[in-house]
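With mmCIF, C-alpha atoms inside, this is model_33.cif:
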data_coords
#
loop_
_atom_site.label_atom_id
_atom_site.label_comp_id
_atom_site.auth_asym_id
_atom_site.auth_seq_id
_atom_site.Cartn_x
_atom_site.Cartn_y
_atom_site.Cartn_z
CA MET A 1 -68.70 64.44 130.66
CA GLY A 2 -70.83 63.15 133.52
CA LEU A 3 -74.20 61.83 134.60
CA ARG A 4 -76.15 64.67 132.97
CA GLU A 5 -74.52 64.10 129.56
CA ALA A 6 -74.91 60.32 129.89
CA PHE A 7 -78.59 60.60 130.74
CA ALA A 8 -79.22 62.99 127.83
CA SER A 9 -77.43 60.65 125.44
CA VAL A 10 -79.45 57.62 126.55
CA VAL A 11 -82.69 59.59 126.18
CA ALA A 12 -81.60 60.73 122.71
CA SER A 13 -80.73 57.19 121.54
CA PRO A 14 -82.43 54.65 123.82
CA GLY A 15 -82.45 51.94 121.16
CA THR A 16 -78.65 52.17 120.90
CA LEU A 17 -77.45 52.94 124.41
CA VAL A 18 -79.94 51.07 126.62
CA PRO A 19 -78.70 47.65 125.36
CA VAL A 20 -75.09 48.74 125.98
CA LEU A 21 -76.04 49.97 129.45
CA ARG A 22 -77.60 46.59 130.24
CA ASN A 23 -74.97 44.31 128.63
CA ASP A 24 -71.75 46.29 129.11
CA PRO A 25 -72.29 49.00 131.75
CA GLY A 26 -68.53 49.42 132.15
CA GLU A 27 -68.33 50.77 128.59
CA VAL A 28 -70.93 53.45 129.36
CA GLN A 29 -69.22 54.24 132.66
CA ALA A 30 -65.87 54.75 130.94
CA ARG A 31 -67.34 56.74 128.05
CA PHE A 32 -68.98 59.31 130.31
CA GLY A 33 -66.58 59.17 133.26
CA LEU A 34 -69.23 58.03 135.74
CA SER A 35 -68.76 56.99 139.33
CA ASP A 36 -70.27 53.69 140.48
CA ALA A 37 -73.11 55.61 142.14
CA GLU A 38 -73.82 57.61 138.99
CA LEU A 39 -73.79 54.43 136.88
CA ALA A 40 -76.28 52.86 139.29
CA VAL A 41 -78.61 55.88 138.88
CA LEU A 42 -78.39 55.62 135.10
CA ALA A 43 -78.95 51.86 135.06
CA GLY A 44 -81.85 52.18 137.52
CA VAL A 45 -84.17 53.59 134.86
CA ASP A 46 -85.97 50.91 132.84
CA GLY A 47 -85.86 50.81 129.05
CA ASP A 48 -89.54 51.67 128.60
CA SER A 49 -89.07 54.85 130.61
CA TYR A 50 -86.12 55.87 128.46
CA ALA A 51 -88.18 55.21 125.33
CA PHE A 52 -91.05 57.30 126.69
CA MET A 53 -88.72 60.18 127.60
CA ALA A 54 -87.17 60.01 124.13
CA GLU A 55 -90.60 60.27 122.54
CA GLU A 56 -91.53 63.22 124.75
CA SER A 57 -88.21 64.92 124.07
CA GLY A 58 -88.65 64.47 120.31
CA ALA A 59 -92.16 65.93 120.48
CA LYS A 60 -90.85 68.96 122.37
CA ARG A 61 -88.11 69.54 119.78
CA ARG A 62 -90.66 69.28 116.98
CA ILE A 63 -92.67 72.05 118.66
CA HIS A 64 -89.54 74.17 118.96
CA LEU A 65 -88.78 73.67 115.28
CA SER A 66 -92.34 74.46 114.25
CA VAL A 67 -92.12 77.78 116.10
CA GLY A 68 -88.82 78.87 114.57
CA ILE A 69 -88.85 77.39 111.06
CA PRO A 70 -92.42 76.18 110.36
CA ARG A 71 -92.25 76.04 106.55
CA THR A 72 -88.97 74.14 106.68
CA VAL A 73 -90.50 71.60 109.05
CA GLY A 74 -93.47 71.26 106.71
CA GLU A 75 -91.16 70.61 103.76
CA LEU A 76 -89.19 68.00 105.69
CA THR A 77 -92.34 66.30 106.96
CA GLU A 78 -93.71 66.09 103.43
CA HIS A 79 -90.58 65.13 101.47
CA HIS A 80 -87.77 64.17 103.88
CA SER A 81 -89.53 62.66 106.90
CA GLY A 82 -86.74 60.15 107.50
CA VAL A 83 -84.18 62.92 108.03
CA LEU A 84 -86.49 64.76 110.43
CA ASP A 85 -87.38 61.62 112.38
CA THR A 86 -83.71 60.68 112.73
CA PHE A 87 -82.90 64.14 114.02
CA LEU A 88 -85.74 64.09 116.54
CA THR A 89 -84.69 60.71 117.94
CA THR A 90 -80.92 61.25 118.11
CA THR A 91 -80.38 64.78 119.41
CA THR A 92 -80.86 66.53 122.72
CA LEU A 93 -81.02 70.17 123.78
CA ARG A 94 -78.61 71.77 126.20
CA GLU A 95 -79.71 74.41 128.68
CA ASP A 96 -78.86 77.87 127.38
CA PRO A 97 -79.74 80.98 129.41
CA ASP A 98 -79.71 83.06 126.20
CA ASP A 99 -82.24 80.71 124.60
CA PRO A 100 -84.45 79.56 127.50
CA MET A 101 -87.21 78.20 125.25
CA GLY A 102 -84.72 76.18 123.18
CA VAL A 103 -86.21 77.27 119.84
CA VAL A 104 -83.03 78.75 118.35
CA GLN A 105 -80.84 75.89 119.54
CA ALA A 106 -83.20 73.26 118.12
CA CYS A 107 -83.35 75.05 114.76
CA GLU A 108 -79.59 75.53 114.56
CA GLN A 109 -79.00 71.87 115.41
CA LEU A 110 -81.38 70.74 112.67
CA LEU A 111 -79.87 73.05 110.06
CA ALA A 112 -76.42 71.60 110.80
CA PHE A 113 -77.70 68.02 110.83
CA GLY A 114 -76.13 65.58 108.38
CA GLY A 115 -78.43 64.41 105.60
CA LEU A 116 -80.45 67.61 105.45
CA PRO A 117 -80.78 68.69 101.78
CA PRO A 118 -78.63 71.81 101.19
CA ALA A 119 -81.52 73.72 99.62
CA THR A 120 -83.79 72.98 102.57
CA ALA A 121 -81.03 73.99 104.99
CA ASP A 122 -80.66 77.32 103.16
CA PHE A 123 -84.37 77.99 103.39
CA GLY A 124 -84.31 77.04 107.06
CA ARG A 125 -81.56 79.58 107.69
CA PHE A 126 -83.68 82.17 105.89
CA GLU A 127 -86.65 81.36 108.13
CA LEU A 128 -84.50 81.39 111.27
CA ASP A 129 -83.03 84.79 110.32
CA GLN A 130 -86.59 86.11 110.12
CA TYR A 131 -87.53 84.57 113.47
CA LEU A 132 -84.47 86.11 115.14
CA LEU A 133 -85.20 89.55 113.69
CA LEU A 134 -88.83 89.40 114.79
CA GLY A 135 -87.72 88.46 118.30
CA ASP A 136 -85.05 91.15 118.59
CA SER A 137 -86.12 93.79 121.13
CA VAL A 138 -83.57 96.31 119.78
CA ALA A 139 -84.99 95.91 116.29
CA ALA A 140 -88.51 96.35 117.68
CA GLU A 141 -87.55 99.62 119.35
CA ALA A 142 -85.68 100.80 116.25
CA CYS A 143 -88.74 100.55 114.02
CA ARG A 144 -91.14 102.14 116.52
CA PRO A 145 -92.91 105.13 114.90
CA GLY A 146 -91.28 108.44 115.77
CA ARG A 147 -88.03 106.87 116.98
CA PHE A 148 -86.13 107.95 113.88
CA ALA A 149 -86.49 110.82 111.44
CA GLN A 150 -83.89 111.80 108.89
CA SER A 151 -84.19 113.56 105.58
CA ALA A 152 -82.54 111.85 102.63
CA GLU A 153 -81.91 115.28 101.20
CA ARG A 154 -79.28 115.88 103.90
CA LEU A 155 -77.19 112.88 102.88
CA PRO A 156 -74.80 114.23 100.20
CA GLN A 157 -73.32 117.05 102.30
CA SER A 158 -69.64 117.85 102.58
CA ALA A 159 -69.74 117.11 106.31
CA GLU A 160 -72.01 114.07 106.09
CA PRO A 161 -71.85 111.64 109.02
CA PRO A 162 -70.78 107.98 108.90
CA LEU A 163 -73.62 105.59 108.04
CA ILE A 164 -74.85 102.36 109.63
CA LEU A 165 -77.61 99.88 108.91
CA SER A 166 -80.76 100.32 110.95
CA PRO A 167 -80.96 97.86 113.87
CA ALA A 168 -84.24 96.72 112.29
CA VAL A 169 -82.38 95.39 109.23
CA ARG A 170 -80.43 92.20 108.49
CA VAL A 171 -78.51 91.29 105.32
CA ALA A 172 -77.63 87.65 104.57
CA THR A 173 -76.46 85.58 101.60
CA TYR A 174 -77.82 82.11 100.77
CA GLY A 175 -76.74 79.46 98.27
CA HIS A 176 -80.26 79.00 96.87
CA ASP A 177 -82.96 81.46 95.89
CA VAL A 178 -84.97 81.44 99.10
CA THR A 179 -87.16 84.25 97.71
CA ASP A 180 -88.44 82.12 94.80
CA PRO A 181 -92.28 82.05 94.74
CA GLY A 182 -92.17 78.25 94.83
CA ALA A 183 -90.01 78.06 97.95
CA PRO A 184 -89.45 75.92 99.91
CA VAL A 185 -90.42 73.22 97.41
CA ARG A 186 -88.69 74.97 94.52
CA LEU A 187 -85.33 76.49 95.41
CA PRO A 188 -83.14 77.32 92.38
CA ARG A 189 -79.43 76.84 93.06
CA VAL A 190 -78.15 80.40 92.77
CA GLU A 191 -76.45 82.63 95.34
CA VAL A 192 -78.71 85.43 96.49
CA THR A 193 -78.32 88.25 98.98
CA VAL A 194 -81.46 89.18 100.90
CA LEU A 195 -82.24 92.27 102.96
CA LEU A 196 -84.72 91.68 105.77
CA GLN A 197 -86.44 94.69 107.31
CA ARG A 198 -88.68 94.77 110.33
CA VAL A 199 -91.46 97.33 110.01
CA TRP A 200 -93.73 98.51 112.82
CA ASP A 201 -97.16 96.89 112.82
CA ALA A 202 -96.57 95.22 109.42
CA PRO A 203 -95.20 91.91 108.09
CA LEU A 204 -91.46 91.51 107.80
CA ARG A 205 -90.14 92.69 104.43
CA ALA A 206 -87.64 90.69 102.37
CA TYR A 207 -85.82 92.19 99.38
CA ARG A 208 -83.50 90.31 97.05
CA ILE A 209 -80.65 92.72 96.35
CA GLY A 210 -77.81 92.82 93.83
CA ALA A 211 -74.10 92.50 94.52
CA GLY A 212 -73.54 96.26 94.18
CA THR A 213 -76.22 97.07 96.72
CA GLY A 214 -74.82 94.42 99.05
CA LEU A 215 -71.38 96.01 98.88
CA LEU A 216 -72.88 99.43 99.45
CA LEU A 217 -74.70 98.24 102.57
CA ALA A 218 -71.58 96.45 103.81
CA GLY A 219 -69.79 99.79 103.56
CA CYS A 220 -72.32 101.36 105.92
CA ASP A 221 -70.43 100.07 108.95
CA GLY A 222 -70.40 103.18 111.11
CA THR A 223 -66.92 104.25 109.98
CA ARG A 224 -67.61 105.47 106.45
CA THR A 225 -69.57 108.37 105.05
CA GLY A 226 -72.01 107.89 102.20
CA ARG A 227 -69.40 108.90 99.63
CA GLU A 228 -66.84 106.53 101.16
CA ALA A 229 -69.33 103.65 101.18
CA ALA A 230 -70.24 104.48 97.57
CA GLY A 231 -66.58 104.40 96.61
CA ALA A 232 -66.22 100.88 98.05
CA ALA A 233 -69.24 99.55 96.16
CA ASP A 234 -69.15 98.31 92.58
CA LEU A 235 -71.47 101.13 91.46
CA PRO A 236 -71.01 104.56 89.84
CA GLU A 237 -70.84 107.23 92.57
CA ALA A 238 -73.93 109.12 91.38
CA GLU A 239 -75.95 105.89 91.26
CA ALA A 240 -74.65 104.80 94.67
CA LEU A 241 -75.47 108.14 96.31
CA SER A 242 -78.93 108.14 94.79
CA LEU A 243 -79.50 104.63 96.12
CA LEU A 244 -78.24 105.68 99.56
CA GLU A 245 -80.77 108.51 99.62
CA ARG A 246 -83.57 106.00 99.03
CA LEU A 247 -82.15 103.66 101.67
CA VAL A 248 -82.00 106.48 104.22
CA SER A 249 -85.54 107.62 103.42
CA GLY A 250 -86.71 104.02 103.83
CA ASP A 251 -84.93 103.78 107.23
CA ILE A 252 -82.72 100.97 106.01
CA VAL A 253 -79.59 103.08 106.50
CA ARG A 254 -79.11 105.70 109.23
CA ALA A 255 -76.52 108.20 110.33
CA ALA A 256 -74.25 106.63 112.94
CA PRO A 257 -74.67 108.03 116.46
CA ALA A 258 -72.10 110.66 117.38
CA VAL A 259 -69.33 109.42 119.65
CA VAL A 260 -68.87 111.57 122.74
CA HIS A 261 -65.30 111.64 124.00
CA GLN A 262 -64.92 112.36 127.71
CA GLY A 263 -61.78 113.62 129.37
CA ARG A 264 -60.07 116.61 130.84
CA PRO A 265 -59.68 119.61 128.59
CA THR A 266 -56.14 120.31 127.53
CA SER A 267 -54.61 123.68 128.23
#
Kindly return the structure encoded in the file as structure tokens.
Amino acid sequence: MGLREAFASVVASPGTLVPVLRNDPGEVQARFGLSDAELAVLAGVDGDSYAFMAEESGAKRRIHLSVGIPRTVGELTEHHSGVLDTFLTTTTLREDPDDPMGVVQACEQLLAFGGLPPATADFGRFELDQYLLLGDSVAAEACRPGRFAQSAERLPQSAEPPLILSPAVRVATYGHDVTDPGAPVRLPRVEVTVLLQRVWDAPLRAYRIGAGTGLLLAGCDGTRTGREAAGAADLPEAEALSLLERLVSGDIVRAAPAVVHQGRPTS
């Protein structure tokens, strides 16, 4: 702890910490491990300034949330505004070089926030998964036209290669049906597995898939052939292989890159 954390905490909760800072500064000093000089800096800011900074900080976080999970923010604003307002006035963002804009951090903090309805949190995770896939440069390159070409007819060969998911694909499971046409207002409580696919110059695709397909895709981990992945799935082999052919032709599943082993030849 230190001055930076203390300042962020006061900005996040000025109505709670400013009175403590004024009436019992020693408590704040002990809580954050501040020196006398650091405490003087913290106490030197007036309450109105802290309130203004808190309002500005909350507005910035709302923008971050609206970028990453806009429909979730709309649902909260319409039906759970108290939860959203409490979040905006009691949390702060930390600097993260992997998330310089702060969008992902703000969204993740909200989705883990106490009081958020579980169904809304599930839909928020679904939206954030889409945002992350759309912002993934590897996924963008993977779906570029001409970057991948593979015939599904080659799949069921005796020397077939191990299979992996395309980098432009994500598979996730949610506790509510985030694909329901009424979402995010209507979110039936049922576990669903969703396949997200990024497609070049087209909207992101979302497919609700069954348990067997989910197991089949989980088996495409770069270590198993199509037949081995089919054997691990809860599907008849012929059905699983036929499905794999369609997944390969749709660039959802690919042959794993060959591993080149380097070393001195043995005599």
Taking 3 positions as the minimum chain separation for residues in the same chain, which residues sit within 7 Å of Gly210 (chain A) when counting all atoms listed in the file? Answer as a VMD selection string. chain A and resid 193 213 to 214
Write the residues you've just listed into a file as a PDB file, in the coordinates of the input, and include C-alpha atoms for each of them.
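Okay, again.pdb is ready:
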ATOM      1  CA  THR A 193     -78.320  88.250  98.980  1.00  0.00           C
ATOM      2  CA  THR A 213     -76.220  97.070  96.720  1.00  0.00           C
ATOM      3  CA  GLY A 214     -74.820  94.420  99.050  1.00  0.00           C
TER       4      GLY A 214
END
Could you check how far CA of Arg198 (chain A) sits from CA of Cys143 (chain A), in Å to one decimal?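 Separation of CA of Arg198 (chain A) and CA of Cys143 (chain A): 6.9 Å.
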Could you tell me which of A:Val171, A:Leu235, A:Ala142, A:Ala230 comes closest to Leu196 (chain A) if we count all atoms listed in the file?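 Going through A:Val171, A:Leu235, A:Ala142, A:Ala230 one by one, the smallest distance to Leu196 (chain A) is for A:Val171.
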Taking the file as shown, find all residues satisfying the PyMOL selection byres ((chain A and resi 205) around 12) and write them as a list in words.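 Taken over the shown coordinates, the PyMOL selection byres ((chain A and resi 205) around 12) returns Gln130, Leu133, Leu134, Ala168, Val169, Arg170, Val171, Thr179, Val194, Leu195, Leu196, Gln197, Arg198, Val199, Trp200, Asp201, Ala202, Pro203, Leu204, Ala206, Tyr207, Arg208, Gly250 and Ile252 of chain A.
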Go ahead and compute the interatomic distance for CA of Gly33 (chain A) and CA of Leu17 (chain A), in Å to one decimal.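 Answer for the CA of Gly33 (chain A) to CA of Leu17 (chain A) separation: 15.3 Å.
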Residues returned when the PyMOL selection byres ((chain A and resi 162) around 8) runs on this file, as a ChimeraX atom specification: /A:160-161,163-164,220-226,255-256
To one decimal place, how far is CA of His176 (chain A) from CA of Val190 (chain A) in Å? 4.8 Å
Given the file above and the PyMOL selection byres ((chain A and resi 124) around 12), which residues are selected, and can you give them as a tab-separated table (two decimals) with C-alpha atoms, keeping the file's coordinate frame?
chain	number	residue	atom	x	y	z
A	65	LEU	CA	-88.78	73.67	115.28
A	66	SER	CA	-92.34	74.46	114.25
A	67	VAL	CA	-92.12	77.78	116.10
A	68	GLY	CA	-88.82	78.87	114.57
A	69	ILE	CA	-88.85	77.39	111.06
A	70	PRO	CA	-92.42	76.18	110.36
A	71	ARG	CA	-92.25	76.04	106.55
A	72	THR	CA	-88.97	74.14	106.68
A	73	VAL	CA	-90.50	71.60	109.05
A	74	GLY	CA	-93.47	71.26	106.71
A	75	GLU	CA	-91.16	70.61	103.76
A	76	LEU	CA	-89.19	68.00	105.69
A	104	VAL	CA	-83.03	78.75	118.35
A	106	ALA	CA	-83.20	73.26	118.12
A	107	CYS	CA	-83.35	75.05	114.76
A	108	GLU	CA	-79.59	75.53	114.56
A	109	GLN	CA	-79.00	71.87	115.41
A	110	LEU	CA	-81.38	70.74	112.67
A	111	LEU	CA	-79.87	73.05	110.06
A	112	ALA	CA	-76.42	71.60	110.80
A	113	PHE	CA	-77.70	68.02	110.83
A	116	LEU	CA	-80.45	67.61	105.45
A	117	PRO	CA	-80.78	68.69	101.78
A	118	PRO	CA	-78.63	71.81	101.19
A	119	ALA	CA	-81.52	73.72	99.62
A	120	THR	CA	-83.79	72.98	102.57
A	121	ALA	CA	-81.03	73.99	104.99
A	122	ASP	CA	-80.66	77.32	103.16
A	123	PHE	CA	-84.37	77.99	103.39
A	125	ARG	CA	-81.56	79.58	107.69
A	126	PHE	CA	-83.68	82.17	105.89
A	127	GLU	CA	-86.65	81.36	108.13
A	128	LEU	CA	-84.50	81.39	111.27
A	129	ASP	CA	-83.03	84.79	110.32
A	130	GLN	CA	-86.59	86.11	110.12
A	131	TYR	CA	-87.53	84.57	113.47
A	174	TYR	CA	-77.82	82.11	100.77
A	175	GLY	CA	-76.74	79.46	98.27
A	176	HIS	CA	-80.26	79.00	96.87
A	178	VAL	CA	-84.97	81.44	99.10
A	183	ALA	CA	-90.01	78.06	97.95
A	184	PRO	CA	-89.45	75.92	99.91
A	187	LEU	CA	-85.33	76.49	95.41
Which residue gives the smallest distance to Lys60 (chain A) among A:Ser166, A:Ser35, A:Thr86, A:Thr92, with all atoms listed in the file counted?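 Selected residue with least distance to Lys60 (chain A): A:Thr92.
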Find the residue from A:Asp24, A:Glu38, A:Asp177, A:Asp85 that sits nearest to Gly115 (chain A); use all atoms listed in the file when measuring. A:Asp85
Mind checking which residues fall within 8 Å of region 25-29 of chain A, counting all atoms listed in the file, ignoring those fewer than 4 positions away in the same chain, and posting them as a list in words?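 Result of the neighbour search: Ala6, Val20, Leu21, Gly33, Leu34, Ser35, Asp36, Leu39 and Ala43 of chain A.
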